[in-house]
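> Just dropping this structure here.
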Amino acid sequence: MEDILNYFRENDIPVMEYIPLKDHCTFGIGGTARAMLKPNTEACIAQILKECAAREIPYYVLGNGSNVLFSDEGFDGIILKLTDNWDEYTIHGHMVRAKSGVSLSILARKTALRSLTGMEFASGIPGTLGGGIIMNAGAYDGELAQIVREVRVMDEHGQILTLTGEEMDFGYRTSRAQREHLIILDVLMELREGEYDKIWHRIDDLTIRRWSRQPLEFPSAGSTFKRPPDNYAGKLIEEAGLKGLRFRGAMVSDKHSGFVVNVNHATASDVRTLIRVVQKRIFDEYGVLLQPEVRMIGATNET
């Protein structure tokens, strides 16, 4: 590992070492990453991927960390952080082109200031555009697939591709980029002209609904489970009597059963254990296997 880090330093790529991952995700959980890089050009990203591949060094592309659970053992590889170093955007008429590191909530508000409608649903999503594209983020009957027209991505070999919204093959909390491990570079979105007051009324309404219904007072990774067909994870969990169930520092939220929250210095092991307990109970009672929506990064054998 030291060889590749020295290579990056020699090529003027700043290297941060032994980074606590709990400080880089909304769950506030995770061990130490061996190194973190914040590239600011596409050529730099491609160079990092090339060197990692040549040396068989694992890497993970991270935005705001709003939908991840990092291992207690950390990540013995390189984190590519794409946030404030990758957050430029432009608005021309109804079209918005933004780099993947821009905050979804900020972009939703910036477009609202231009009386553009279509991103109100994203005004409370804490992640970046890139992470949102990977999982086709959505809320309150809206999702990114509805407004994305084009996505520029980089594959694991450093090659850049331009994909249409249709070619992204978006699905419920998934996309082609997720399945093929593509890095999101920038996104072209098409919004519509709307009425300023109505747009902000919608944003305000969604904000109130989120704060009243979701456990935003505790660290979490958002909705823990994907919505099962023809049902809701939170509804099943509450009906099974699991609301408020705790395992050490992790708890099924007593405000919204679809969230597992960090209430007392939870570890990744605590969260994983609680997720397994919930999955088993729901499967035993309803024959439904809940699939995690949160992405678990690192060791999977923690107990």
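Residues in the structure tokens are named by chain (A, B, ... in the order shown) and by number from 1 within that chain; ligands are numbered from 1 in the order shown.
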Write out as a list of chain:residue names each polymer residue whose atoms come within 7 Å of stretch 34-51 of chain A, counting only C-alpha atoms; drop sequence neighbours fewer than 4 positions from it.
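Residues meeting the cut-off are A:Pro14, A:Val15, A:Met16, A:Glu17, A:Tyr18, A:Ile19, A:Arg55, A:Phe75, A:Asp76, A:Gly77, A:Ile78, A:Ile79, A:Leu80, A:Lys81, A:Leu82, A:Asn85, A:Trp86, A:Glu156, A:His157, A:Gly158.
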> Give me the residues near A:Val252 as number ranges by chain, where near means some atom within 12 Å (using only C-alpha atoms) and where sequence neighbours in that chain fewer than 2 positions away do not count.
A: 214-215, 218, 220, 222-225, 233-234, 237-238, 240-250, 254-263, 270-278
> Give me the residues within 10 Å of A:Val151 as a CSV table (one decimal) with C-alpha atoms, in the first residue's frame, counting only C-alpha atoms and dropping any in the same chain fewer than 5 places off.

chain,number,residue,atom,x,y,z
A,97,ARG,CA,-25.8,19.7,-15.7
A,98,ALA,CA,-24.2,18.8,-12.4
A,99,LYS,CA,-21.1,16.9,-11.3
A,100,SER,CA,-21.8,13.9,-9.1
A,130,GLY,CA,-23.7,10.6,-7.8
A,133,ILE,CA,-27.9,8.1,-9.5
A,161,LEU,CA,-19.0,6.5,-21.5
A,162,THR,CA,-22.1,8.7,-22.1
A,163,LEU,CA,-25.3,6.9,-21.4
A,164,THR,CA,-28.9,8.1,-21.9
A,165,GLY,CA,-31.4,7.9,-19.2
A,167,GLU,CA,-29.4,3.2,-21.1
A,168,MET,CA,-29.0,3.7,-17.4
A,177,ALA,CA,-24.2,2.1,-12.8
A,184,ILE,CA,-20.7,8.8,-12.0
A,185,LEU,CA,-18.9,11.9,-13.3
A,186,ASP,CA,-21.8,14.3,-14.2
A,187,VAL,CA,-25.5,14.2,-15.0
A,188,LEU,CA,-27.7,16.1,-17.4
A,189,MET,CA,-31.3,16.6,-16.1
> Using backbone DSSP assignments, extract all strand (DSSP E) residues from stretch 175-243 of chain A; output them as a ChimeraX atom specification.
/A:183-190,192-193
> Which distance in Å separates atom CA of A:Tyr172 and atom CA of A:Met135, to one decimal?
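Between atom CA of A:Tyr172 and atom CA of A:Met135 the gap is 7.8 Å.
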> Check the smallest atom-to-atom distance from each of A:Ala112, A:Val96, A:Leu129, A:Ile208 to A:Glu143 using only C-alpha atoms, then report the winner.
A:Leu129
> Looking at only C-alpha atoms, which of A:Arg114, A:Arg192, A:Arg152, A:Arg210 is the one that sits closest to A:His94?
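Ranked by minimum distance to A:His94, first place goes to A:Arg192.
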> Give me the residues within 9 Å of A:Phe70 as a PyMOL selection string, counting only C-alpha atoms and dropping any in the same chain fewer than 5 places off.
chain A and resi 21-22+25+27+29-31+75+268+295-299
> Enumerate as JSON, numbers by chain all residues of stretch 127-226 of chain A assigned to helix (DSSP H, G or I) by DSSP on the backbone, naming them with the chain letters and numbers the document uses.
{"A": [129, 130, 131, 132, 133, 134, 135, 144, 145, 146, 176, 177, 178, 179, 196, 197, 198, 199, 200, 201, 202, 203, 204, 205, 206, 207, 208, 209, 210, 211, 212, 213]}
> Take the residues from that selection and write them out as an mmCIF file, in the first residue's frame, keeping C-alpha atoms.

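And here is the file that came out, again-v2.cif:
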data_model
loop_
_atom_site.group_PDB
_atom_site.id
_atom_site.type_symbol
_atom_site.label_atom_id
_atom_site.label_comp_id
_atom_site.auth_asym_id
_atom_site.auth_seq_id
_atom_site.Cartn_x
_atom_site.Cartn_y
_atom_site.Cartn_z
ATOM 1 C CA LEU A 129 -26.182 13.342 -6.941
ATOM 2 C CA GLY A 130 -23.720 10.553 -7.769
ATOM 3 C CA GLY A 131 -24.891 8.330 -4.941
ATOM 4 C CA GLY A 132 -28.462 9.144 -5.870
ATOM 5 C CA ILE A 133 -27.903 8.071 -9.475
ATOM 6 C CA ILE A 134 -26.295 4.796 -8.385
ATOM 7 C CA MET A 135 -29.390 3.809 -6.428
ATOM 8 C CA LEU A 144 -34.111 10.642 -10.337
ATOM 9 C CA ALA A 145 -35.000 8.367 -13.253
ATOM 10 C CA GLN A 146 -37.868 10.765 -14.051
ATOM 11 C CA ARG A 176 -26.884 0.021 -14.565
ATOM 12 C CA ALA A 177 -24.168 2.053 -12.848
ATOM 13 C CA GLN A 178 -24.698 0.121 -9.635
ATOM 14 C CA ARG A 179 -24.637 -3.263 -11.325
ATOM 15 C CA TYR A 196 -42.167 29.678 -7.667
ATOM 16 C CA ASP A 197 -44.607 29.730 -4.736
ATOM 17 C CA LYS A 198 -46.015 26.279 -5.507
ATOM 18 C CA ILE A 199 -42.537 24.762 -5.788
ATOM 19 C CA TRP A 200 -41.464 26.132 -2.408
ATOM 20 C CA HIS A 201 -44.783 25.157 -0.831
ATOM 21 C CA ARG A 202 -44.103 21.584 -1.956
ATOM 22 C CA ILE A 203 -40.558 21.677 -0.546
ATOM 23 C CA ASP A 204 -41.797 23.086 2.762
ATOM 24 C CA ASP A 205 -44.548 20.467 2.952
ATOM 25 C CA LEU A 206 -42.113 17.611 2.333
ATOM 26 C CA THR A 207 -39.702 19.024 4.918
ATOM 27 C CA ILE A 208 -42.431 19.083 7.567
ATOM 28 C CA ARG A 209 -43.500 15.559 6.658
ATOM 29 C CA ARG A 210 -39.932 14.271 6.939
ATOM 30 C CA TRP A 211 -39.289 15.851 10.313
ATOM 31 C CA SER A 212 -42.616 14.655 11.696
ATOM 32 C CA ARG A 213 -42.345 11.078 10.414
#
